[in-house]
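As provided, model_11.pdb (PDB, C-alpha atoms and all ligand atoms) reads as follows.
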ATOM      1  CA  MET A   1    -101.112 -19.400  66.487
ATOM      2  CA  ARG A   2    -103.590 -17.063  64.836
ATOM      3  CA  PRO A   3    -103.598 -17.234  61.019
ATOM      4  CA  GLU A   4    -102.793 -13.494  60.869
ATOM      5  CA  LEU A   5     -99.760 -14.065  63.061
ATOM      6  CA  LEU A   6     -98.564 -16.941  60.897
ATOM      7  CA  GLN A   7     -98.916 -14.704  57.868
ATOM      8  CA  THR A   8     -96.696 -12.118  59.572
ATOM      9  CA  PHE A   9     -94.182 -14.887  60.314
ATOM     10  CA  ASP A  10     -94.180 -15.762  56.607
ATOM     11  CA  GLU A  11     -93.489 -12.128  55.709
ATOM     12  CA  LEU A  12     -90.615 -11.972  58.206
ATOM     13  CA  VAL A  13     -89.086 -15.231  57.005
ATOM     14  CA  ALA A  14     -89.266 -13.941  53.414
ATOM     15  CA  CYS A  15     -86.813 -11.171  54.412
ATOM     16  CA  TYR A  16     -84.035 -13.733  54.827
ATOM     17  CA  PRO A  17     -82.164 -15.752  52.183
ATOM     18  CA  GLU A  18     -83.217 -19.300  51.422
ATOM     19  CA  GLY A  19     -81.755 -21.676  53.985
ATOM     20  CA  LYS A  20     -81.446 -18.896  56.594
ATOM     21  CA  GLU A  21     -85.117 -18.774  57.556
ATOM     22  CA  LYS A  22     -84.365 -19.370  61.210
ATOM     23  CA  SER A  23     -82.737 -15.937  61.328
ATOM     24  CA  ALA A  24     -86.291 -14.583  61.693
ATOM     25  CA  ILE A  25     -86.405 -16.030  65.207
ATOM     26  CA  LEU A  26     -85.860 -12.726  67.041
ATOM     27  CA  PRO A  27     -88.705 -10.717  65.461
ATOM     28  CA  ILE A  28     -90.939 -13.787  65.645
ATOM     29  CA  LEU A  29     -90.275 -14.244  69.362
ATOM     30  CA  HIS A  30     -91.033 -10.555  69.976
ATOM     31  CA  LEU A  31     -94.399 -10.954  68.248
ATOM     32  CA  VAL A  32     -95.190 -14.182  70.064
ATOM     33  CA  GLN A  33     -94.286 -12.685  73.430
ATOM     34  CA  LYS A  34     -96.631  -9.758  72.790
ATOM     35  CA  GLU A  35     -99.443 -12.173  71.849
ATOM     36  CA  ASN A  36     -98.807 -14.395  74.860
ATOM     37  CA  ASP A  37     -99.423 -11.886  77.661
ATOM     38  CA  GLY A  38     -95.838 -10.665  77.646
ATOM     39  CA  TYR A  39     -93.916 -13.893  78.122
ATOM     40  CA  LEU A  40     -92.730 -16.977  76.291
ATOM     41  CA  SER A  41     -94.070 -20.258  77.616
ATOM     42  CA  VAL A  42     -92.461 -23.548  76.653
ATOM     43  CA  ALA A  43     -95.566 -24.359  74.608
ATOM     44  CA  VAL A  44     -95.298 -21.230  72.432
ATOM     45  CA  MET A  45     -91.540 -21.643  72.036
ATOM     46  CA  ASP A  46     -92.188 -25.183  70.810
ATOM     47  CA  GLU A  47     -94.699 -23.815  68.305
ATOM     48  CA  VAL A  48     -92.085 -21.362  67.029
ATOM     49  CA  ALA A  49     -89.575 -24.211  66.694
ATOM     50  CA  ALA A  50     -92.091 -26.247  64.710
ATOM     51  CA  TYR A  51     -92.856 -23.270  62.462
ATOM     52  CA  LEU A  52     -89.162 -22.571  61.781
ATOM     53  CA  LYS A  53     -88.418 -26.309  61.454
ATOM     54  CA  ILE A  54     -85.679 -26.173  64.084
ATOM     55  CA  GLN A  55     -85.144 -27.978  67.386
ATOM     56  CA  PRO A  56     -86.956 -26.517  70.437
ATOM     57  CA  ILE A  57     -83.599 -26.153  72.207
ATOM     58  CA  GLU A  58     -82.543 -23.628  69.556
ATOM     59  CA  VAL A  59     -85.496 -21.443  70.513
ATOM     60  CA  TYR A  60     -84.876 -21.890  74.257
ATOM     61  CA  GLU A  61     -81.232 -20.844  73.759
ATOM     62  CA  VAL A  62     -82.258 -17.561  72.164
ATOM     63  CA  ALA A  63     -85.102 -16.874  74.596
ATOM     64  CA  THR A  64     -82.921 -17.442  77.657
ATOM     65  CA  PHE A  65     -79.981 -15.404  76.330
ATOM     66  CA  TYR A  66     -81.745 -12.075  75.766
ATOM     67  CA  THR A  67     -83.216 -10.288  78.772
ATOM     68  CA  MET A  68     -85.942  -8.734  76.597
ATOM     69  CA  PHE A  69     -87.629 -12.122  76.512
ATOM     70  CA  LYS A  70     -89.596 -13.093  79.622
ATOM     71  CA  LEU A  71     -90.015 -16.747  80.489
ATOM     72  CA  LYS A  72     -92.809 -16.437  83.019
ATOM     73  CA  PRO A  73     -95.783 -14.137  83.547
ATOM     74  CA  THR A  74     -94.889 -10.610  84.607
ATOM     75  CA  GLY A  75     -96.674  -7.581  85.948
ATOM     76  CA  LYS A  76     -98.276  -5.129  83.539
ATOM     77  CA  TYR A  77     -95.215  -2.907  83.908
ATOM     78  CA  VAL A  78     -91.787  -4.540  83.888
ATOM     79  CA  LEU A  79     -89.393  -2.098  85.536
ATOM     80  CA  GLU A  80     -85.931  -2.926  84.254
ATOM     81  CA  VAL A  81     -83.398  -0.855  86.129
ATOM     82  CA  CYS A  82     -79.855  -0.676  84.801
ATOM     83  CA  GLN A  83     -77.450  -1.904  87.464
ATOM     84  CA  THR A  84     -74.176  -1.503  85.570
ATOM     85  CA  GLY A  85     -71.320   0.659  86.906
ATOM     86  CA  PRO A  86     -72.065   4.103  85.416
ATOM     87  CA  CYS A  87     -75.702   3.965  86.557
ATOM     88  CA  CYS A  88     -74.670   2.746  89.997
ATOM     89  CA  LEU A  89     -72.222   5.647  90.320
ATOM     90  CA  VAL A  90     -75.117   8.093  90.094
ATOM     91  CA  GLY A  91     -77.674   6.325  92.237
ATOM     92  CA  ALA A  92     -79.122   3.222  90.523
ATOM     93  CA  ASP A  93     -78.763   1.249  93.750
ATOM     94  CA  GLY A  94     -80.834   3.860  95.540
ATOM     95  CA  ILE A  95     -83.504   3.754  92.824
ATOM     96  CA  ILE A  96     -83.685  -0.031  93.092
ATOM     97  CA  ALA A  97     -83.944   0.146  96.894
ATOM     98  CA  HIS A  98     -86.617   2.840  96.578
ATOM     99  CA  LEU A  99     -88.650   0.695  94.178
ATOM    100  CA  GLN A 100     -88.281  -2.341  96.426
ATOM    101  CA  ASN A 101     -89.475  -0.398  99.455
ATOM    102  CA  THR A 102     -92.284   1.390  97.635
ATOM    103  CA  LEU A 103     -93.623  -1.693  95.868
ATOM    104  CA  GLY A 104     -92.845  -4.199  98.619
ATOM    105  CA  ILE A 105     -91.081  -6.587  96.262
ATOM    106  CA  GLY A 106     -87.573  -7.874  95.660
ATOM    107  CA  MET A 107     -85.720  -8.332  92.402
ATOM    108  CA  ASN A 108     -87.553 -10.538  89.894
ATOM    109  CA  GLU A 109     -90.738 -10.348  91.914
ATOM    110  CA  THR A 110     -94.174  -9.036  90.977
ATOM    111  CA  SER A 111     -96.306  -6.799  93.176
ATOM    112  CA  ALA A 112     -99.421  -8.310  94.722
ATOM    113  CA  ASP A 113    -101.668  -6.147  92.507
ATOM    114  CA  GLY A 114    -100.021  -7.643  89.419
ATOM    115  CA  LEU A 115     -98.948  -4.225  88.157
ATOM    116  CA  PHE A 116     -95.184  -4.212  88.637
ATOM    117  CA  THR A 117     -92.303  -6.614  88.096
ATOM    118  CA  LEU A 118     -88.841  -5.406  89.117
ATOM    119  CA  ARG A 119     -85.721  -6.565  87.296
ATOM    120  CA  GLY A 120     -82.086  -5.563  87.197
ATOM    121  CA  VAL A 121     -80.491  -5.418  83.753
ATOM    122  CA  GLU A 122     -77.091  -4.587  82.334
ATOM    123  CA  CYS A 123     -76.157  -1.394  80.472
ATOM    124  CA  LEU A 124     -79.077   0.029  78.489
ATOM    125  CA  ALA A 125     -76.702   2.180  76.438
ATOM    126  CA  ALA A 126     -78.060   5.387  77.917
ATOM    127  CA  CYS A 127     -75.239   6.006  80.395
ATOM    128  CA  GLY A 128     -75.290   9.758  79.654
ATOM    129  CA  THR A 129     -78.721  10.046  81.245
ATOM    130  CA  ALA A 130     -78.166   7.631  84.117
ATOM    131  CA  PRO A 131     -79.730   6.282  86.242
ATOM    132  CA  VAL A 132     -81.976   4.634  83.675
ATOM    133  CA  MET A 133     -84.940   2.271  83.764
ATOM    134  CA  GLN A 134     -86.610   0.625  80.773
ATOM    135  CA  VAL A 135     -90.368   0.084  80.845
ATOM    136  CA  GLY A 136     -91.699  -1.707  77.776
ATOM    137  CA  ASP A 137     -90.256   0.047  74.739
ATOM    138  CA  TYR A 138     -89.446   3.229  76.643
ATOM    139  CA  TYR A 139     -86.569   4.605  78.701
ATOM    140  CA  CYS A 140     -87.046   6.622  81.874
ATOM    141  CA  GLU A 141     -83.867   8.602  82.438
ATOM    142  CA  ASN A 142     -82.145  10.803  85.024
ATOM    143  CA  LEU A 143     -84.166   9.008  87.683
ATOM    144  CA  THR A 144     -84.501  10.285  91.219
ATOM    145  CA  PRO A 145     -86.746   8.834  93.920
ATOM    146  CA  ALA A 146     -89.204  11.699  93.282
ATOM    147  CA  THR A 147     -89.361  11.236  89.493
ATOM    148  CA  THR A 148     -89.617   7.479  89.995
ATOM    149  CA  ASP A 149     -92.633   8.017  92.248
ATOM    150  CA  ALA A 150     -94.225  10.252  89.604
ATOM    151  CA  LEU A 151     -93.721   7.511  87.006
ATOM    152  CA  LEU A 152     -95.294   4.895  89.292
ATOM    153  CA  THR A 153     -98.284   7.196  89.753
ATOM    154  CA  GLU A 154     -98.697   7.466  85.971
ATOM    155  CA  MET A 155     -98.473   3.710  85.651
ATOM    156  CA  ARG A 156    -101.104   3.179  88.340
ATOM    157  CA  ASP A 157    -103.316   5.778  86.608
ATOM    158  CA  GLY A 158    -102.829   4.011  83.277
ATOM    159  CA  THR A 159    -101.485   7.166  81.594
ATOM    160  CA  PHE A 160     -97.811   6.201  81.350
ATOM    161  CA  PHE A 161     -97.735   4.524  77.931
ATOM    162  CA  ALA A 162    -100.006   7.164  76.344
ATOM    163  CA  ARG A 163     -97.637   9.935  77.439
ATOM    164  CA  MET A 164     -94.551   8.025  76.317
ATOM    165  CA  GLU A 165     -96.112   7.333  72.913
ATOM    166  CA  ARG A 166     -97.025  11.007  72.565
ATOM    167  CA  GLU A 167     -93.564  12.233  73.544
ATOM    168  CA  ASN A 168     -91.791   9.708  71.356
ATOM    169  CA  GLY A 169     -94.054  10.261  68.345
ATOM    170  CA  ASP A 170     -95.232   6.637  68.285
TER     171      ASP A 170
HETATM  172  S1  LIG A 201     -74.591   1.868  82.682
HETATM  173 FE1  LIG A 201     -76.714   2.225  82.836
HETATM  174  S2  LIG A 201     -77.261   2.788  80.840
HETATM  175 FE2  LIG A 201     -75.163   2.334  80.675
END
Show the structure stored in the file as structure tokens.
Amino acid sequence: MRPELLQTFDELVACYPEGKEKSAILPILHLVQKENDGYLSVAVMDEVAAYLKIQPIEVYEVATFYTMFKLKPTGKYVLEVCQTGPCCLVGADGIIAHLQNTLGIGMNETSADGLFTLRGVECLAACGTAPVMQVGDYYCENLTPATTDALLTEMRDGTFFARMERENGD
């Protein structure tokens, strides 16, 4: 791990009471995932375990429980489409089928150009603007096949994240 990253770990751990240092595992794993090309390999999870002085299995348990952690390399854009009831009632299945057809991939697969990985996730807590897809830190809501295509175009152009940051004041 880079010294700067370890310093950030130290700052995170300092936010928790003595004896509860391992509670910093979630923010630490987010940072590590970002540093490690968007996924958590066994090697980096073992490094986190060593840093937090806990067993590797404790890190694996957390990393495999939360869908925001990826355990293998993904495309540049991870398209996480909500497939829970309320989204399905207003067309999530159709959005998923449209993405599969357009990108030529199935669920949990990555497109040949390495740009897109498609995943199904459970409720994203944005049922009021269903169907919803999460891409990185951002939500794409009220999806239709046409708006989904427009989003894919932005992603291919490399303008998607810049627009989302602008619109979300990031
Ligand atoms: S069911 Fe899709 S966001 Fe809640």
* Near-ligand residues for ligand LIG 201 (chain A), threshold 12 Å, all atoms listed in the file, as JSON, numbers by chain -> {"A": [80, 81, 82, 83, 84, 85, 86, 87, 88, 89, 90, 91, 92, 93, 120, 121, 122, 123, 124, 125, 126, 127, 128, 129, 130, 131, 132, 133, 134, 139, 140, 141, 142, 143]}
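Near Ile95 (chain A), within a cut-off of 7 Å and counting all atoms listed in the file, sit the residues Gly91, Leu99, Thr144 and Pro145 of chain A, with same-chain residues fewer than 4 positions away left out.
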With 5 Å of padding per side, what axis-aligned box (centre and edge lengths, Å, one decimal) covers all the listed atoms of region 87-99 of chain A? Give it as lines of an AutoDock Vina configuration file.
center_x = -80.4
center_y = 4.0
center_z = 91.7
size_x = 26.4
size_y = 18.1
size_z = 20.3
Report as a Markdown table: every residue of region 47-92 of chain A with an atom at most 10 Å from region 12-26 of chain A, its closest pair of atoms, and their distance in Å to one decimal, counting all atoms listed in the file, with rows sorted by chain and ascending residue number.
| residue | atom | partner | partner_atom | distance |
| --- | --- | --- | --- | --- |
| A:Val48 | CA | A:Ile25 | CA | 8.0 |
| A:Ala49 | CA | A:Ile25 | CA | 8.9 |
| A:Tyr51 | CA | A:Lys22 | CA | 9.4 |
| A:Leu52 | CA | A:Lys22 | CA | 5.8 |
| A:Lys53 | CA | A:Lys22 | CA | 8.0 |
| A:Ile54 | CA | A:Lys22 | CA | 7.5 |
| A:Glu58 | CA | A:Lys22 | CA | 9.5 |
| A:Val59 | CA | A:Ile25 | CA | 7.6 |
| A:Val62 | CA | A:Leu26 | CA | 7.9 |
| A:Ala63 | CA | A:Leu26 | CA | 8.7 |
| A:Tyr66 | CA | A:Leu26 | CA | 9.7 |
| A:Phe69 | CA | A:Leu26 | CA | 9.7 |
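Remark: for Met155 (chain A), the closest of the candidate residues A:Asp170, A:Leu5, A:Thr74, A:Phe116 is A:Phe116 (distances computed over all atoms listed in the file).
For the residues A:Tyr60, A:Phe9, A:Tyr138, A:Phe160, ranking by smallest atom-to-atom distance to Met45 (chain A) using all atoms listed in the file places A:Tyr60 first.
CA of Leu71 (chain A) is found 5.0 Å from CA of Leu40 (chain A).
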* To do: Mind checking which residues fall within 12 Å of Thr102 (chain A), counting only C-alpha atoms, ignoring those fewer than 3 positions away in the same chain, and posting them as a list in words?
  => Gly94, Ile95, Ile96, Ala97, His98, Leu99, Ile105, Gly106, Ser111, Phe116, Leu118, Pro145, Ala146, Thr148, Asp149, Leu152 and Thr153 of chain A
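Relative to CA of Asn168 (chain A), CA of Arg156 (chain A) is found at 20.4 Å.
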* Asked: Which value, in Å to one decimal, gives the distance between CA of His30 (chain A) and CA of Leu103 (chain A)?
  -> 27.5 Å
* To do: Skip region 113-115 of chain A itself and residues of its chain fewer than 6 positions away, then list as a list in words all residues within 7 Å of it, counting all atoms listed in the file.
  => Gly75, Lys76 and Tyr77 of chain A
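Of the residues under consideration (A:Met68, A:Arg166, A:Pro73, A:Val42), A:Met68 shows the shortest atom-to-atom contact distance to Asp137 (chain A) when counting all atoms listed in the file.
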Rebuild N, CA and C atoms on region 43-74 of chain A, as a tab-separated table (two decimals), keeping the file's coordinate frame?
chain	number	residue	atom	x	y	z
A	43	ALA	N	-94.66	-23.95	75.68
A	43	ALA	CA	-95.57	-24.36	74.61
A	43	ALA	C	-95.44	-23.44	73.39
A	44	VAL	N	-95.38	-22.12	73.60
A	44	VAL	CA	-95.30	-21.23	72.43
A	44	VAL	C	-93.91	-21.29	71.80
A	45	MET	N	-92.88	-21.50	72.62
A	45	MET	CA	-91.54	-21.64	72.04
A	45	MET	C	-91.48	-22.90	71.17
A	46	ASP	N	-92.16	-23.95	71.61
A	46	ASP	CA	-92.19	-25.18	70.81
A	46	ASP	C	-92.92	-24.95	69.49
A	47	GLU	N	-93.97	-24.12	69.55
A	47	GLU	CA	-94.70	-23.82	68.31
A	47	GLU	C	-93.81	-23.04	67.34
A	48	VAL	N	-93.01	-22.12	67.88
A	48	VAL	CA	-92.08	-21.36	67.03
A	48	VAL	C	-91.05	-22.31	66.41
A	49	ALA	N	-90.55	-23.24	67.21
A	49	ALA	CA	-89.58	-24.21	66.69
A	49	ALA	C	-90.19	-25.02	65.56
A	50	ALA	N	-91.42	-25.46	65.75
A	50	ALA	CA	-92.09	-26.25	64.71
A	50	ALA	C	-92.27	-25.41	63.45
A	51	TYR	N	-92.65	-24.14	63.63
A	51	TYR	CA	-92.86	-23.27	62.46
A	51	TYR	C	-91.54	-23.09	61.70
A	52	LEU	N	-90.45	-22.83	62.44
A	52	LEU	CA	-89.16	-22.57	61.78
A	52	LEU	C	-88.42	-23.85	61.39
A	53	LYS	N	-89.03	-24.99	61.75
A	53	LYS	CA	-88.42	-26.31	61.45
A	53	LYS	C	-87.02	-26.42	62.07
A	54	ILE	N	-86.93	-26.03	63.34
A	54	ILE	CA	-85.68	-26.17	64.08
A	54	ILE	C	-85.99	-26.89	65.39
A	55	GLN	N	-84.95	-27.28	66.12
A	55	GLN	CA	-85.14	-27.98	67.39
A	55	GLN	C	-85.62	-26.99	68.46
A	56	PRO	N	-86.51	-27.42	69.36
A	56	PRO	CA	-86.96	-26.52	70.44
A	56	PRO	C	-85.79	-25.90	71.22
A	57	ILE	N	-84.73	-26.67	71.42
A	57	ILE	CA	-83.60	-26.15	72.21
A	57	ILE	C	-83.00	-24.91	71.56
A	58	GLU	N	-83.08	-24.82	70.24
A	58	GLU	CA	-82.54	-23.63	69.56
A	58	GLU	C	-83.37	-22.39	69.90
A	59	VAL	N	-84.64	-22.57	70.11
A	59	VAL	CA	-85.50	-21.44	70.51
A	59	VAL	C	-85.24	-21.11	71.98
A	60	TYR	N	-85.12	-22.14	72.82
A	60	TYR	CA	-84.88	-21.89	74.26
A	60	TYR	C	-83.56	-21.12	74.44
A	61	GLU	N	-82.54	-21.51	73.64
A	61	GLU	CA	-81.23	-20.84	73.76
A	61	GLU	C	-81.35	-19.35	73.51
A	62	VAL	N	-82.09	-18.98	72.49
A	62	VAL	CA	-82.26	-17.56	72.16
A	62	VAL	C	-83.09	-16.86	73.25
A	63	ALA	N	-84.18	-17.50	73.64
A	63	ALA	CA	-85.10	-16.87	74.60
A	63	ALA	C	-84.45	-16.68	75.97
A	64	THR	N	-83.55	-17.57	76.34
A	64	THR	CA	-82.92	-17.44	77.66
A	64	THR	C	-81.70	-16.53	77.62
A	65	PHE	N	-81.18	-16.25	76.43
A	65	PHE	CA	-79.98	-15.40	76.33
A	65	PHE	C	-80.33	-13.92	76.46
A	66	TYR	N	-81.42	-13.50	75.81
A	66	TYR	CA	-81.74	-12.08	75.77
A	66	TYR	C	-82.72	-11.70	76.89
A	67	THR	N	-82.35	-10.66	77.64
A	67	THR	CA	-83.22	-10.29	78.77
A	67	THR	C	-84.54	-9.68	78.32
A	68	MET	N	-84.65	-9.31	77.04
A	68	MET	CA	-85.94	-8.73	76.60
A	68	MET	C	-87.03	-9.81	76.49
A	69	PHE	N	-86.63	-11.06	76.53
A	69	PHE	CA	-87.63	-12.12	76.51
A	69	PHE	C	-87.90	-12.59	77.94
A	70	LYS	N	-89.19	-12.68	78.28
A	70	LYS	CA	-89.60	-13.09	79.62
A	70	LYS	C	-90.09	-14.53	79.54
A	71	LEU	N	-89.70	-15.31	80.53
A	71	LEU	CA	-90.02	-16.75	80.49
A	71	LEU	C	-91.14	-17.12	81.44
A	72	LYS	N	-91.65	-16.16	82.17
A	72	LYS	CA	-92.81	-16.44	83.02
A	72	LYS	C	-93.66	-15.17	83.08
A	73	PRO	N	-94.91	-15.31	83.52
A	73	PRO	CA	-95.78	-14.14	83.55
A	73	PRO	C	-95.17	-13.00	84.36
A	74	THR	N	-95.42	-11.78	83.92
A	74	THR	CA	-94.89	-10.61	84.61
A	74	THR	C	-96.04	-9.68	84.96
